[in-house]
Each structure stands twice: as structure tokens, then as C-alpha cells.
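As stored in my_file_8.csv (CSV, C-alpha atoms and all ligand atoms):
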chain,number,residue,atom,x,y,z
A,10,MET,CA,6.4,-4.0,-19.4
A,11,GLY,CA,2.7,-3.1,-19.6
A,12,GLN,CA,0.9,-0.8,-17.2
A,13,PHE,CA,1.4,-1.5,-13.5
A,14,GLY,CA,-0.4,-4.6,-12.4
A,15,THR,CA,-1.4,-5.9,-15.8
A,16,GLU,CA,1.3,-8.6,-16.3
A,17,PHE,CA,1.7,-11.7,-14.2
A,18,CYS,CA,4.2,-14.4,-13.6
A,19,ASP,CA,2.9,-17.7,-14.8
A,20,ARG,CA,2.9,-19.4,-11.4
A,21,PHE,CA,1.1,-18.5,-8.1
A,22,ALA,CA,0.8,-19.9,-4.6
A,23,ILE,CA,-2.7,-20.9,-3.4
A,24,THR,CA,-4.3,-22.6,-0.4
A,25,ARG,CA,-7.8,-23.0,1.1
A,26,TYR,CA,-9.3,-22.9,4.5
A,27,GLU,CA,-12.1,-25.4,5.1
A,28,ASP,CA,-13.2,-27.7,7.9
A,29,ASP,CA,-11.5,-25.4,10.3
A,30,ALA,CA,-8.0,-25.9,8.9
A,31,TRP,CA,-5.6,-24.5,6.3
A,32,GLN,CA,-4.6,-27.0,3.6
A,33,THR,CA,-1.0,-27.3,2.5
A,34,PRO,CA,-0.3,-24.4,0.1
A,35,SER,CA,0.8,-25.3,-3.5
A,36,LEU,CA,2.6,-23.5,-6.3
A,37,GLU,CA,0.5,-23.9,-9.4
A,38,PRO,CA,0.3,-22.5,-13.0
A,39,LEU,CA,-1.7,-19.3,-12.8
A,40,ARG,CA,-5.3,-20.0,-13.7
A,41,PRO,CA,-8.8,-18.6,-13.2
A,42,LEU,CA,-10.4,-19.4,-9.8
A,43,GLN,CA,-13.6,-21.4,-9.6
A,44,MET,CA,-16.1,-20.1,-7.2
A,45,HIS,CA,-19.8,-20.7,-6.4
A,46,PRO,CA,-21.9,-17.7,-7.3
A,47,ALA,CA,-23.1,-17.6,-3.6
A,48,ALA,CA,-19.5,-17.1,-2.4
A,49,HIS,CA,-19.4,-14.8,0.6
A,50,VAL,CA,-16.9,-12.4,-1.0
A,51,LEU,CA,-19.1,-11.7,-4.0
A,52,HIS,CA,-22.0,-10.5,-1.8
A,53,TYR,CA,-20.5,-9.2,1.4
A,54,SER,CA,-17.0,-8.2,0.4
A,55,SER,CA,-15.1,-10.5,2.7
A,56,THR,CA,-11.7,-9.8,1.2
A,57,CYS,CA,-8.4,-8.3,2.1
A,58,PHE,CA,-5.0,-8.1,0.4
A,59,GLU,CA,-1.4,-6.9,0.6
A,60,GLY,CA,0.9,-5.2,-1.8
A,61,PHE,CA,4.7,-5.1,-1.6
A,62,LYS,CA,7.8,-5.7,-3.7
A,63,ALA,CA,10.8,-7.9,-4.2
A,64,TYR,CA,13.9,-6.6,-5.9
A,65,ARG,CA,16.5,-8.5,-7.8
A,66,TRP,CA,20.0,-7.4,-7.0
A,67,SER,CA,23.1,-7.7,-9.1
A,68,ASP,CA,24.1,-10.9,-7.1
A,69,GLY,CA,21.1,-12.6,-8.8
A,70,LYS,CA,19.2,-13.0,-5.5
A,71,ALA,CA,16.0,-11.4,-4.7
A,72,ARG,CA,15.2,-9.3,-1.6
A,73,ILE,CA,11.6,-8.9,-0.3
A,74,PHE,CA,10.9,-5.6,1.4
A,75,ARG,CA,9.3,-5.8,4.9
A,76,LEU,CA,7.8,-9.2,4.3
A,77,HIS,CA,7.0,-10.0,7.9
A,78,ASP,CA,5.4,-6.6,8.5
A,79,HIS,CA,3.2,-7.0,5.5
A,80,VAL,CA,2.2,-10.5,6.6
A,81,ALA,CA,1.3,-9.1,10.1
A,82,ARG,CA,-0.8,-6.3,8.4
A,83,MET,CA,-2.6,-8.9,6.4
A,84,GLN,CA,-3.4,-10.9,9.5
A,85,LYS,CA,-4.8,-7.8,11.1
A,86,SER,CA,-6.9,-7.1,8.0
A,87,ALA,CA,-8.2,-10.7,8.0
A,88,ALA,CA,-9.1,-10.6,11.7
A,89,SER,CA,-11.0,-7.3,11.4
A,90,LEU,CA,-13.1,-8.9,8.6
A,91,ARG,CA,-13.6,-12.1,10.7
A,92,LEU,CA,-11.9,-14.1,7.9
A,93,PRO,CA,-9.8,-17.1,8.8
A,94,VAL,CA,-6.4,-15.6,9.8
A,95,PRO,CA,-3.5,-17.2,7.8
A,96,PRO,CA,-0.6,-18.3,10.0
A,97,ALA,CA,2.3,-15.9,9.6
A,98,GLU,CA,4.9,-18.6,8.7
A,99,MET,CA,2.5,-20.2,6.1
A,100,LEU,CA,1.8,-16.9,4.4
A,101,ALA,CA,5.4,-15.8,4.5
A,102,SER,CA,6.6,-19.0,3.0
A,103,MET,CA,4.0,-18.8,0.2
A,104,VAL,CA,5.4,-15.4,-0.7
A,105,VAL,CA,9.0,-16.7,-0.5
A,106,ASP,CA,8.1,-19.7,-2.7
A,107,VAL,CA,6.5,-17.4,-5.3
A,108,VAL,CA,9.5,-15.1,-5.4
A,109,ALA,CA,11.9,-18.1,-5.6
A,110,GLN,CA,9.9,-19.7,-8.4
A,111,ASN,CA,9.7,-16.5,-10.4
A,112,ILE,CA,13.2,-15.0,-9.7
A,113,GLY,CA,14.2,-15.1,-13.3
A,114,ASP,CA,11.2,-12.9,-14.2
A,115,ILE,CA,12.1,-10.1,-11.8
A,116,PRO,CA,13.4,-7.1,-13.8
A,117,GLU,CA,16.4,-5.2,-12.4
A,118,PRO,CA,15.9,-2.1,-10.1
A,119,PRO,CA,14.2,0.3,-10.4
A,120,SER,CA,11.8,-2.3,-11.7
A,121,SER,CA,10.7,-5.0,-9.3
A,122,LEU,CA,8.3,-7.9,-8.6
A,123,TYR,CA,5.0,-6.7,-7.1
A,124,LEU,CA,3.5,-9.2,-4.7
A,125,ARG,CA,-0.2,-9.4,-4.0
A,126,PRO,CA,-1.4,-11.9,-1.4
A,127,THR,CA,-5.2,-12.0,-1.4
A,128,LEU,CA,-7.7,-13.6,0.9
A,129,ILE,CA,-11.4,-14.1,0.0
A,130,GLY,CA,-14.3,-15.6,1.8
A,131,THR,CA,-15.7,-18.5,-0.2
A,132,LEU,CA,-18.5,-19.7,2.1
A,133,GLN,CA,-21.6,-20.6,-0.1
A,134,ASN,CA,-24.3,-18.6,1.7
A,135,ILE,CA,-26.2,-15.6,0.5
A,136,GLY,CA,-27.9,-15.4,3.8
A,137,ALA,CA,-24.6,-14.7,5.7
A,138,ALA,CA,-24.7,-10.9,5.7
A,139,ALA,CA,-24.2,-10.9,9.4
A,140,ALA,CA,-22.1,-14.1,9.7
A,141,PRO,CA,-18.4,-14.6,8.8
A,142,SER,CA,-17.1,-16.7,6.0
A,143,THR,CA,-15.8,-19.9,7.6
A,144,GLU,CA,-14.3,-21.0,4.3
A,145,ALA,CA,-11.6,-19.0,2.4
A,146,THR,CA,-9.1,-19.1,-0.4
A,147,LEU,CA,-5.7,-17.4,-0.1
A,148,PHE,CA,-3.4,-16.9,-3.0
A,149,VAL,CA,-0.2,-14.9,-3.8
A,150,LEU,CA,0.0,-13.3,-7.2
A,151,ALA,CA,3.3,-11.9,-8.6
A,152,SER,CA,3.5,-9.1,-11.2
A,153,PRO,CA,6.7,-7.6,-12.7
A,154,VAL,CA,6.4,-3.9,-12.5
A,155,GLY,CA,8.4,-1.0,-14.0
A,156,ASP,CA,9.6,2.3,-12.4
A,157,TYR,CA,6.8,4.6,-11.4
A,158,PHE,CA,9.1,7.6,-12.2
A,159,SER,CA,10.2,6.5,-15.7
A,160,GLY,CA,8.5,9.5,-17.1
A,161,GLY,CA,10.3,11.8,-14.6
A,162,ALA,CA,9.1,12.9,-11.2
A,163,ALA,CA,6.1,14.8,-12.3
A,164,THR,CA,4.2,16.4,-9.4
A,165,LEU,CA,0.7,15.4,-8.4
A,166,LYS,CA,-2.4,17.6,-8.0
A,167,LEU,CA,-4.6,16.6,-5.1
A,168,LEU,CA,-8.2,17.6,-4.4
A,169,VAL,CA,-8.6,18.3,-0.7
A,170,GLU,CA,-11.9,16.8,0.3
A,171,ASP,CA,-13.0,17.9,3.8
A,172,GLU,CA,-16.4,16.2,4.0
A,173,GLN,CA,-16.3,12.7,2.6
A,174,ALA,CA,-14.2,10.0,4.2
A,175,ARG,CA,-12.2,7.4,2.4
A,176,SER,CA,-13.4,4.7,4.7
A,177,THR,CA,-15.0,4.1,8.0
A,178,GLU,CA,-13.6,4.2,11.5
A,179,GLN,CA,-13.7,0.4,11.9
A,180,LEU,CA,-12.1,-0.4,8.5
A,181,GLY,CA,-9.8,2.5,7.8
A,182,SER,CA,-6.7,0.5,8.7
A,183,THR,CA,-7.9,-2.7,7.0
A,184,LYS,CA,-6.7,-3.3,3.5
A,185,THR,CA,-10.0,-4.4,2.0
A,186,GLY,CA,-11.5,-3.9,-1.4
A,187,GLY,CA,-14.6,-2.0,-0.2
A,188,ASN,CA,-12.4,1.0,0.9
A,189,TYR,CA,-11.1,1.3,-2.7
A,190,ALA,CA,-14.6,1.1,-4.0
A,191,ALA,CA,-15.7,3.9,-1.7
A,192,ALA,CA,-12.8,6.2,-2.8
A,193,LEU,CA,-13.4,5.6,-6.5
A,194,GLY,CA,-16.4,7.9,-6.9
A,195,PRO,CA,-14.8,10.9,-5.3
A,196,THR,CA,-11.5,10.2,-7.1
A,197,MET,CA,-13.2,10.1,-10.5
A,198,ALA,CA,-15.2,13.2,-9.8
A,199,ALA,CA,-12.0,15.0,-8.7
A,200,LYS,CA,-10.3,14.0,-12.0
A,201,GLU,CA,-13.3,15.1,-14.1
A,202,GLN,CA,-13.9,18.4,-12.3
A,203,TYR,CA,-10.4,19.6,-11.5
A,204,GLY,CA,-8.0,17.3,-13.3
A,205,ALA,CA,-6.8,16.1,-9.9
A,206,ASP,CA,-4.7,13.0,-9.7
A,207,GLN,CA,-5.9,11.9,-6.3
A,208,VAL,CA,-8.2,13.0,-3.5
A,209,LEU,CA,-6.8,13.8,-0.1
A,210,PHE,CA,-9.5,12.7,2.3
A,211,CYS,CA,-9.8,15.1,5.3
A,212,PRO,CA,-13.2,14.4,6.9
A,213,ASN,CA,-14.2,17.2,9.3
A,214,GLY,CA,-10.9,18.9,8.3
A,215,ASP,CA,-8.7,16.0,9.7
A,216,VAL,CA,-6.0,15.4,7.0
A,217,GLN,CA,-5.8,11.6,6.6
A,218,GLU,CA,-4.6,10.0,3.4
A,219,THR,CA,-5.4,9.6,-0.3
A,220,GLY,CA,-7.2,6.6,-2.0
A,221,ALA,CA,-4.0,4.5,-2.0
A,222,ALA,CA,-1.2,6.4,-0.3
A,223,ASN,CA,-0.2,8.1,2.9
A,224,PHE,CA,0.4,11.9,3.1
A,225,LEU,CA,3.6,13.5,4.4
A,226,LEU,CA,4.7,17.1,4.8
A,227,ILE,CA,8.5,17.6,4.6
A,228,SER,CA,10.8,20.6,5.2
A,229,ASP,CA,14.6,20.8,5.5
A,230,ASP,CA,14.5,19.6,9.1
A,231,GLU,CA,11.2,17.9,9.8
A,232,VAL,CA,8.6,15.4,8.5
A,233,ILE,CA,5.0,15.8,9.6
A,234,THR,CA,2.4,13.1,9.2
A,235,LYS,CA,-0.7,11.9,11.0
A,236,PRO,CA,-0.1,9.6,13.9
A,237,LEU,CA,-1.4,6.0,13.6
A,238,ASP,CA,-5.1,5.5,14.4
A,239,SER,CA,-7.8,3.3,13.1
A,240,SER,CA,-8.9,5.8,10.4
A,241,PHE,CA,-6.3,5.2,7.8
A,242,LEU,CA,-4.0,2.5,6.4
A,243,HIS,CA,-0.7,2.1,8.3
A,244,GLY,CA,1.7,2.2,5.3
A,245,MET,CA,5.0,0.4,5.5
A,246,THR,CA,6.5,3.0,3.2
A,247,ARG,CA,5.4,5.7,5.6
A,248,ASP,CA,6.9,3.8,8.6
A,249,SER,CA,10.2,3.2,6.7
A,250,LEU,CA,10.5,6.8,5.6
A,251,LEU,CA,9.9,8.0,9.1
A,252,HIS,CA,12.8,5.8,10.4
A,253,LEU,CA,15.1,7.0,7.6
A,254,ALA,CA,14.1,10.6,8.2
A,255,ALA,CA,15.1,10.2,11.9
A,256,ASP,CA,18.4,8.5,10.8
A,257,ASN,CA,19.0,11.5,8.5
A,258,GLY,CA,18.5,14.1,11.2
A,259,TYR,CA,15.0,15.2,10.5
A,260,LYS,CA,12.6,15.7,13.4
A,261,VAL,CA,9.7,13.2,13.0
A,262,ASN,CA,6.5,15.0,14.0
A,263,GLU,CA,3.6,12.5,14.0
A,264,ARG,CA,0.7,14.7,14.8
A,265,ASN,CA,-2.9,15.5,13.6
A,266,PHE,CA,-3.3,18.6,11.5
A,267,THR,CA,-6.3,20.3,9.9
A,268,VAL,CA,-6.9,21.5,6.4
A,269,SER,CA,-6.2,25.1,7.4
A,270,GLU,CA,-2.9,24.1,8.9
A,271,LEU,CA,-2.1,22.2,5.8
A,272,LEU,CA,-2.7,25.3,3.6
A,273,ALA,CA,-0.4,27.3,5.9
A,274,PHE,CA,2.3,24.5,5.7
A,275,SER,CA,2.0,24.6,1.9
A,276,LYS,CA,4.1,27.8,1.8
A,277,THR,CA,7.0,26.3,3.7
A,278,HIS,CA,6.8,22.5,3.3
A,279,GLU,CA,7.1,19.9,0.5
A,280,ALA,CA,4.3,17.4,0.3
A,281,ALA,CA,4.4,13.8,-0.9
A,282,LEU,CA,2.4,10.6,-1.1
A,283,SER,CA,4.0,7.5,0.2
A,284,GLY,CA,3.2,3.9,-0.8
A,285,THR,CA,4.7,0.8,-2.2
A,286,ALA,CA,3.9,1.6,-5.9
A,287,ALA,CA,5.5,5.1,-6.0
A,288,CYS,CA,7.7,5.1,-2.9
A,289,LEU,CA,7.5,8.8,-2.3
A,290,ALA,CA,5.8,10.9,-5.0
A,291,PRO,CA,6.0,14.7,-4.9
A,292,VAL,CA,2.8,16.7,-4.6
A,293,GLY,CA,2.8,20.0,-6.6
A,294,SER,CA,-0.6,21.5,-5.7
A,295,LEU,CA,-3.8,21.2,-3.7
A,296,VAL,CA,-7.2,22.2,-4.9
A,297,TYR,CA,-9.5,23.3,-2.0
A,298,HIS,CA,-13.0,24.7,-2.5
A,299,GLY,CA,-12.2,25.4,-6.1
A,300,GLU,CA,-9.0,27.3,-5.5
A,301,GLU,CA,-5.5,25.9,-6.3
A,302,PHE,CA,-2.7,26.2,-3.8
A,303,LYS,CA,0.9,25.4,-4.8
A,304,LEU,CA,3.2,23.6,-2.5
A,305,ARG,CA,6.1,26.0,-2.2
A,306,ASP,CA,6.9,26.7,-5.9
A,307,GLY,CA,5.0,23.7,-7.1
A,308,ALA,CA,8.1,21.8,-8.2
A,309,ALA,CA,9.3,18.5,-6.8
A,310,GLY,CA,11.3,19.3,-3.7
A,311,PRO,CA,14.9,18.2,-2.7
A,312,ASN,CA,13.9,16.7,0.7
A,313,THR,CA,11.3,14.5,-1.0
A,314,ALA,CA,14.0,13.3,-3.4
A,315,LYS,CA,16.5,12.8,-0.7
A,316,LEU,CA,14.2,10.6,1.5
A,317,ARG,CA,13.0,8.6,-1.5
A,318,LYS,CA,16.6,7.9,-2.5
A,319,ALA,CA,17.5,6.8,1.0
A,320,LEU,CA,14.7,4.2,0.9
A,321,GLN,CA,15.4,3.1,-2.6
A,322,ASP,CA,19.1,2.7,-2.0
A,323,ILE,CA,18.2,0.1,0.7
A,324,GLN,CA,15.7,-1.6,-1.6
A,325,TYR,CA,18.1,-1.7,-4.5
A,326,GLY,CA,21.1,-2.9,-2.4
A,327,LEU,CA,23.0,0.4,-2.7
A,328,ALA,CA,23.0,1.1,1.0
A,329,PRO,CA,23.1,-1.2,4.1
A,330,ASP,CA,19.8,-2.6,5.4
A,331,THR,CA,20.4,-1.3,8.9
A,332,HIS,CA,16.8,-1.8,10.0
A,333,GLY,CA,16.6,-5.5,8.9
A,334,TRP,CA,13.8,-4.8,6.4
A,335,LEU,CA,14.9,-7.3,3.7
A,336,THR,CA,14.3,-11.0,3.3
A,337,GLU,CA,16.8,-12.7,1.0
A,338,VAL,CA,15.5,-15.2,-1.5
A,339,GLY,CA,17.6,-17.3,-3.9
B,401,LIG,C1,-5.1,3.4,1.4
B,401,LIG,C2,-3.7,3.2,1.4
B,401,LIG,N1,-2.9,4.0,2.2
B,401,LIG,C3,-1.6,3.9,2.2
B,401,LIG,C4,-0.9,2.9,1.4
B,401,LIG,C5,0.6,2.8,1.5
B,401,LIG,O1,0.9,1.6,2.1
B,401,LIG,P1,2.3,0.9,1.9
B,401,LIG,O2,3.3,2.0,2.1
B,401,LIG,O3,2.3,-0.2,2.9
B,401,LIG,O4,2.3,0.4,0.5
B,401,LIG,C6,-1.7,2.1,0.5
B,401,LIG,C7,-1.0,1.2,-0.4
B,401,LIG,O5,-0.8,0.2,-0.2
B,401,LIG,C8,-3.1,2.3,0.5
B,401,LIG,O6,-3.8,1.5,-0.3
Final C-alpha cells representation of the file:
Amino acid sequence: MGQFGTEFCDRFAITRYEDDAWQTPSLEPLRPLQMHPAAHVLHYSSTCFEGFKAYRWSDGKARIFRLHDHVARMQKSAASLRLPVPPAEMLASMVVDVVAQNIGDIPEPPSSLYLRPTLIGTLQNIGAAAAPSTEATLFVLASPVGDYFSGGAATLKLLVEDEQARSTEQLGSTKTGGNYAAALGPTMAAKEQYGADQVLFCPNGDVQETGAANFLLISDDEVITKPLDSSFLHGMTRDSLLHLAADNGYKVNERNFTVSELLAFSKTHEAALSGTAACLAPVGSLVYHGEEFKLRDGAAGPNTAKLRKALQDIQYGLAPDTHGWLTEVG
């Protein structure tokens, strides 16, 4: 398998919104999209997307992880961008159809099928900077992906950024392309200057998240993470891990914390990034104002590994799905 996100199944689901209505979605051979150069998305970034996985179990059927929650998050993203909001049942069945169609291409766990619903504003109008796109295209791409940890659970180095934000207050919890564009400059600079893997955005000292993952502090008996607000993306992995942490006797402590508190926690707590791609990836060190701080001894910690395994066991069919997170296909 190539690099994450570079290989695609040869069929995708697609539909359009025009004349105030969604057309019936169809499954089609994957192909380039035709779009007018004045399309709203190309000028005013009217776009949002989702990212989640389906796993193929040994019974030959697939299981989609938290399908309905991802659909709901996409609806929220679309609404916040004033894009036509896809009906939940329509979007969910587009995803199920894509998974069913490509079931034979899903590699076995720990590999999976990464699913990428995408919504773009296609209204032909370069004078619509302050007007919504009343036409849109919605499609669901599928991409077989390998195991993030195939090279071992190497720890990550994060640059702690206490001035710049990843996004804005109104779009922080929207999964829209512009947020990733905004994080790219700081992330590349952190790589070049410090060899950092990611930037931990902490505007005015408020520890929020990295460019594409949520941030958790974990000890032997508690998990600390920022409570949900509009400044950051509400990760499904974060939510799932918090439930599993509670199930496993950890105290779940959703609270705001500052960079100075974070540096104090680094002596006692493990830190990890949570997200669909990597599940729960251990953080080994933080760079702050040019100084490097290790998280405990800098190695991947046992609690991070334990929580990651608890989640992956459900995803891979090795533990019961007690929270009803899986949608069976096939
Ligand atoms: C900015 C951002 N935060 C957090 C996450 C983690 O979200 P999830 O766990 O739903 O994949 C992602 C990845 O999708 C992301 O892009």
C-alpha cells in the first residue's frame, strides 16, 4: 500500500444539489470532476469533509466506525459554511454503498478503508464572496490505508505555539479545508526550525489541538483534555477514548489548561494525539520557546498503549462493541 491517502478504490458515490434539491446519489467509476472555473469553492473555500474508517473482520463483513456521528459532524460543518446540508440518511447510505461496493478491497486490520465524504460549493459566481453557494457537489471517496504504527510506535515531537491559532472561533469545530491551509505555514516552519512533527496550537496559552488531531494527557488514573467548545474539532476518536477511559476506571477530566500547566504535567503524565488516522499516537517531547521538554522519560507510555488497544480491539472485532459504534456492511 502506498502512502496514506494516495490510493483509491475505483468507484465512488456522488450526488449534486441544484434547484433546491438533492439528486439521487449514484455509484460511479472514479473520475475527475468537471467544474466551472468560477465555482464558489475555488474562490471562497466553501468546502467541508469527513474522515473515518471501515474495517474488514474475519467474517468477511465490514464495520464502519461511528458512521452516524461522522455524518452528523459533516452536517454541522456544512451548516456552519451555509452549504446545502446533506440529509443524514442520504449521506449515510452513500457511505454504506461505497463500503459495500469496495468490500473486497479492504485490507485486513490493522489496515482499513479510509472514507472521505466531501462537500463543495459549485455555484458559478465570482461575485459571491458574501453569499452562500446554493449549488453543491457531494461525493464519498474510499482509500485503502495501512497501519500508522507499522514502523513501531515512534514518539512525536510537538512545537508548543502560544500565539498563533490553528483556526478561528467561528470555524474551529468545522472540518473545512481553510483550517488546514491556516495550520500549514506554522507546521512547516516548526518542522524546519525544530524538526517538530506537529504544532500544538495554544493561542494565549490555551492548549487546544494540533493541525489534525486532538491532544490528551494521560496518567495511571486520569485522562485530561480540553472540554468541547467552538475553538477546536470535536474528534470522534477523542470522544471514544474518553468513554473507554471511563470504562477502564480512569477519571475523565475535561478541563481547560494552560501551557504552564502542560509543562508541569509533562513530568507526571503521558501525552498523546488522537485522531482517525493514528488512533492514539504517543508524544515524546514538547518544544517551547526553543527549549525541549520530555514527557516523563520521553518514551511511549503504557496508558497510551492500553487505551489505544481498547479502542482498536473494538474496531478490529476483538472486543464487544458495547457503545454501539459500529455499522455492519456486507
Ligand atoms: C483538526 C483536527 N482535530 C482533530 C481530529 C481528530 O478527529 P477524529 O478523531 O474524528 O478523526 C482531526 C482529524 O480528523 C482533525 O483534523
Problem - Shell of 10 Å around ligand LIG 401 (chain B) (all atoms listed in the file), written as an MDAnalysis selection string - result: chainID A and resid 58:62 75 78:79 82 175:176 181:186 188:189 192 217:224 241:250 282:289
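Reported to one decimal place, the separation of CA of Lys235 in chain A from CA of Phe210 in chain A is 12.4 Å.
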Practice task
Go through A:Pro46, A:Gly155, A:Gly130, A:Gly307 one by one, measure the shortest atom-to-atom distance of each to Gly11 in chain A using all atoms listed in the file, and give the residue with the smallest value.
Solution key: A:Gly155
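Nearest residue to Leu272 in chain A, choosing from A:Tyr297, A:Tyr123, A:Phe21, A:Tyr259 and counting only C-alpha atoms: A:Tyr297.
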Completion exercise
Pairwise distance, CA of Ile129 in chain A with CA of Phe148 in chain A, equals 9.0 Å
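Residues within 9 Å of Gln173 in chain A, counting all atoms listed in the file and excluding same-chain residues fewer than 4 positions away, are Pro195, Phe210, Cys211, Pro212 and Asn213 of chain A.
Counting only C-alpha atoms, the residue from A:Leu100, A:Ala151, A:Leu92, A:Ala162 that sits nearest to Leu39 in chain A is A:Ala151.
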Handout entry: Among the residues A:Ala48, A:Ala109, A:Met197, A:Val149, the one that comes closest to Gly136 in chain A [using all atoms listed in the file]
Key = A:Ala48
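Among the candidates A:Ala138, A:Ile115, A:Val108, A:Ala319, the one nearest to Ser55 in chain A when counting all atoms listed in the file is A:Ala138.
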Can you tell me which residues surround Leu132 in chain A at a distance of at most 12 Å, considering all atoms listed in the file, apart from same-chain residues fewer than 6 positions away, and format the answer as a CSV table (one decimal) with C-alpha atoms, keeping the file's coordinate frame?
chain,number,residue,atom,x,y,z
A,25,ARG,CA,-7.8,-23.0,1.1
A,26,TYR,CA,-9.3,-22.9,4.5
A,27,GLU,CA,-12.1,-25.4,5.1
A,28,ASP,CA,-13.2,-27.7,7.9
A,44,MET,CA,-16.1,-20.1,-7.2
A,45,HIS,CA,-19.8,-20.7,-6.4
A,46,PRO,CA,-21.9,-17.7,-7.3
A,47,ALA,CA,-23.1,-17.6,-3.6
A,48,ALA,CA,-19.5,-17.1,-2.4
A,49,HIS,CA,-19.4,-14.8,0.6
A,50,VAL,CA,-16.9,-12.4,-1.0
A,51,LEU,CA,-19.1,-11.7,-4.0
A,52,HIS,CA,-22.0,-10.5,-1.8
A,53,TYR,CA,-20.5,-9.2,1.4
A,54,SER,CA,-17.0,-8.2,0.4
A,55,SER,CA,-15.1,-10.5,2.7
A,92,LEU,CA,-11.9,-14.1,7.9
A,93,PRO,CA,-9.8,-17.1,8.8
A,138,ALA,CA,-24.7,-10.9,5.7
A,140,ALA,CA,-22.1,-14.1,9.7
A,141,PRO,CA,-18.4,-14.6,8.8
A,142,SER,CA,-17.1,-16.7,6.0
A,143,THR,CA,-15.8,-19.9,7.6
A,144,GLU,CA,-14.3,-21.0,4.3
A,145,ALA,CA,-11.6,-19.0,2.4
A,146,THR,CA,-9.1,-19.1,-0.4
Handout entry: Distance query Thr331 in chain A at most 12 Å, only C-alpha atoms, self and fewer than 5 positions along chain excluded, as a ChimeraX atom specification
Key = /A:249,252-253,256,319-320,322-324,326
Handout entry: Two-atom distance - CA of Leu147 in chain A, CA of Ile23 in chain A (Å)
Key = 5.7 Å
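The shortest atom-to-atom distance to Val268 in chain A, with all atoms listed in the file taken into account, belongs to A:Leu295 out of A:Ala63, A:Leu295, A:Leu124, A:Ala101.
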Problem - All residues 12 Å or closer to Gly339 in chain A, only C-alpha atoms, same chain fewer than 6 positions away omitted, as a PyMOL selection string - result: chain A and resi 63-66+68-73+105-113
Output C-alpha atoms for every residue in the selection just made, as an mmCIF file, in the frame of the given file.
data_model
loop_
_atom_site.group_PDB
_atom_site.id
_atom_site.type_symbol
_atom_site.label_atom_id
_atom_site.label_comp_id
_atom_site.auth_asym_id
_atom_site.auth_seq_id
_atom_site.Cartn_x
_atom_site.Cartn_y
_atom_site.Cartn_z
ATOM 1 C CA ALA A 63 10.800 -7.900 -4.200
ATOM 2 C CA TYR A 64 13.900 -6.600 -5.900
ATOM 3 C CA ARG A 65 16.500 -8.500 -7.800
ATOM 4 C CA TRP A 66 20.000 -7.400 -7.000
ATOM 5 C CA ASP A 68 24.100 -10.900 -7.100
ATOM 6 C CA GLY A 69 21.100 -12.600 -8.800
ATOM 7 C CA LYS A 70 19.200 -13.000 -5.500
ATOM 8 C CA ALA A 71 16.000 -11.400 -4.700
ATOM 9 C CA ARG A 72 15.200 -9.300 -1.600
ATOM 10 C CA ILE A 73 11.600 -8.900 -0.300
ATOM 11 C CA VAL A 105 9.000 -16.700 -0.500
ATOM 12 C CA ASP A 106 8.100 -19.700 -2.700
ATOM 13 C CA VAL A 107 6.500 -17.400 -5.300
ATOM 14 C CA VAL A 108 9.500 -15.100 -5.400
ATOM 15 C CA ALA A 109 11.900 -18.100 -5.600
ATOM 16 C CA GLN A 110 9.900 -19.700 -8.400
ATOM 17 C CA ASN A 111 9.700 -16.500 -10.400
ATOM 18 C CA ILE A 112 13.200 -15.000 -9.700
ATOM 19 C CA GLY A 113 14.200 -15.100 -13.300
#
Can you patch up range 56-68 of chain A, filling it in to N, CA, C and O atoms, and show the result as a compact mmCIF listing (two decimals), in the coordinates of the input?
# COMPACT_ATOMS: atom_id res chain seq x y z
N THR A 56 -12.99 -9.70 1.92
CA THR A 56 -11.70 -9.80 1.20
C THR A 56 -10.70 -8.82 1.73
O THR A 56 -11.05 -7.72 2.14
N CYS A 57 -9.46 -9.25 1.76
CA CYS A 57 -8.40 -8.30 2.10
C CYS A 57 -7.15 -8.73 1.27
O CYS A 57 -7.09 -9.83 0.74
N PHE A 58 -6.22 -7.80 1.17
CA PHE A 58 -5.00 -8.10 0.40
C PHE A 58 -3.83 -7.33 0.88
O PHE A 58 -3.94 -6.50 1.79
N GLU A 59 -2.67 -7.63 0.30
CA GLU A 59 -1.40 -6.90 0.60
C GLU A 59 -0.76 -6.52 -0.70
O GLU A 59 -1.08 -7.08 -1.77
N GLY A 60 0.16 -5.59 -0.64
CA GLY A 60 0.90 -5.20 -1.80
C GLY A 60 2.31 -4.79 -1.38
O GLY A 60 2.46 -3.90 -0.54
N PHE A 61 3.32 -5.47 -1.88
CA PHE A 61 4.70 -5.10 -1.60
C PHE A 61 5.61 -5.69 -2.65
O PHE A 61 5.13 -6.33 -3.59
N LYS A 62 6.92 -5.39 -2.53
CA LYS A 62 7.80 -5.70 -3.70
C LYS A 62 9.00 -6.54 -3.29
O LYS A 62 9.48 -6.49 -2.16
N ALA A 63 9.46 -7.28 -4.29
CA ALA A 63 10.80 -7.90 -4.20
C ALA A 63 11.66 -7.34 -5.30
O ALA A 63 11.18 -7.04 -6.41
N TYR A 64 12.93 -7.15 -4.97
CA TYR A 64 13.90 -6.60 -5.90
C TYR A 64 14.95 -7.59 -6.23
O TYR A 64 15.35 -8.38 -5.37
N ARG A 65 15.43 -7.58 -7.47
CA ARG A 65 16.50 -8.50 -7.80
C ARG A 65 17.82 -7.71 -7.86
O ARG A 65 17.95 -6.75 -8.63
N TRP A 66 18.74 -8.09 -7.02
CA TRP A 66 20.00 -7.40 -7.00
C TRP A 66 21.00 -7.96 -7.97
O TRP A 66 20.78 -9.02 -8.55
N SER A 67 22.14 -7.27 -8.09
CA SER A 67 23.10 -7.70 -9.10
C SER A 67 23.73 -9.07 -8.75
O SER A 67 24.32 -9.72 -9.61
N ASP A 68 23.58 -9.55 -7.50
CA ASP A 68 24.10 -10.90 -7.10
C ASP A 68 23.12 -11.99 -7.61
O ASP A 68 23.33 -13.18 -7.34
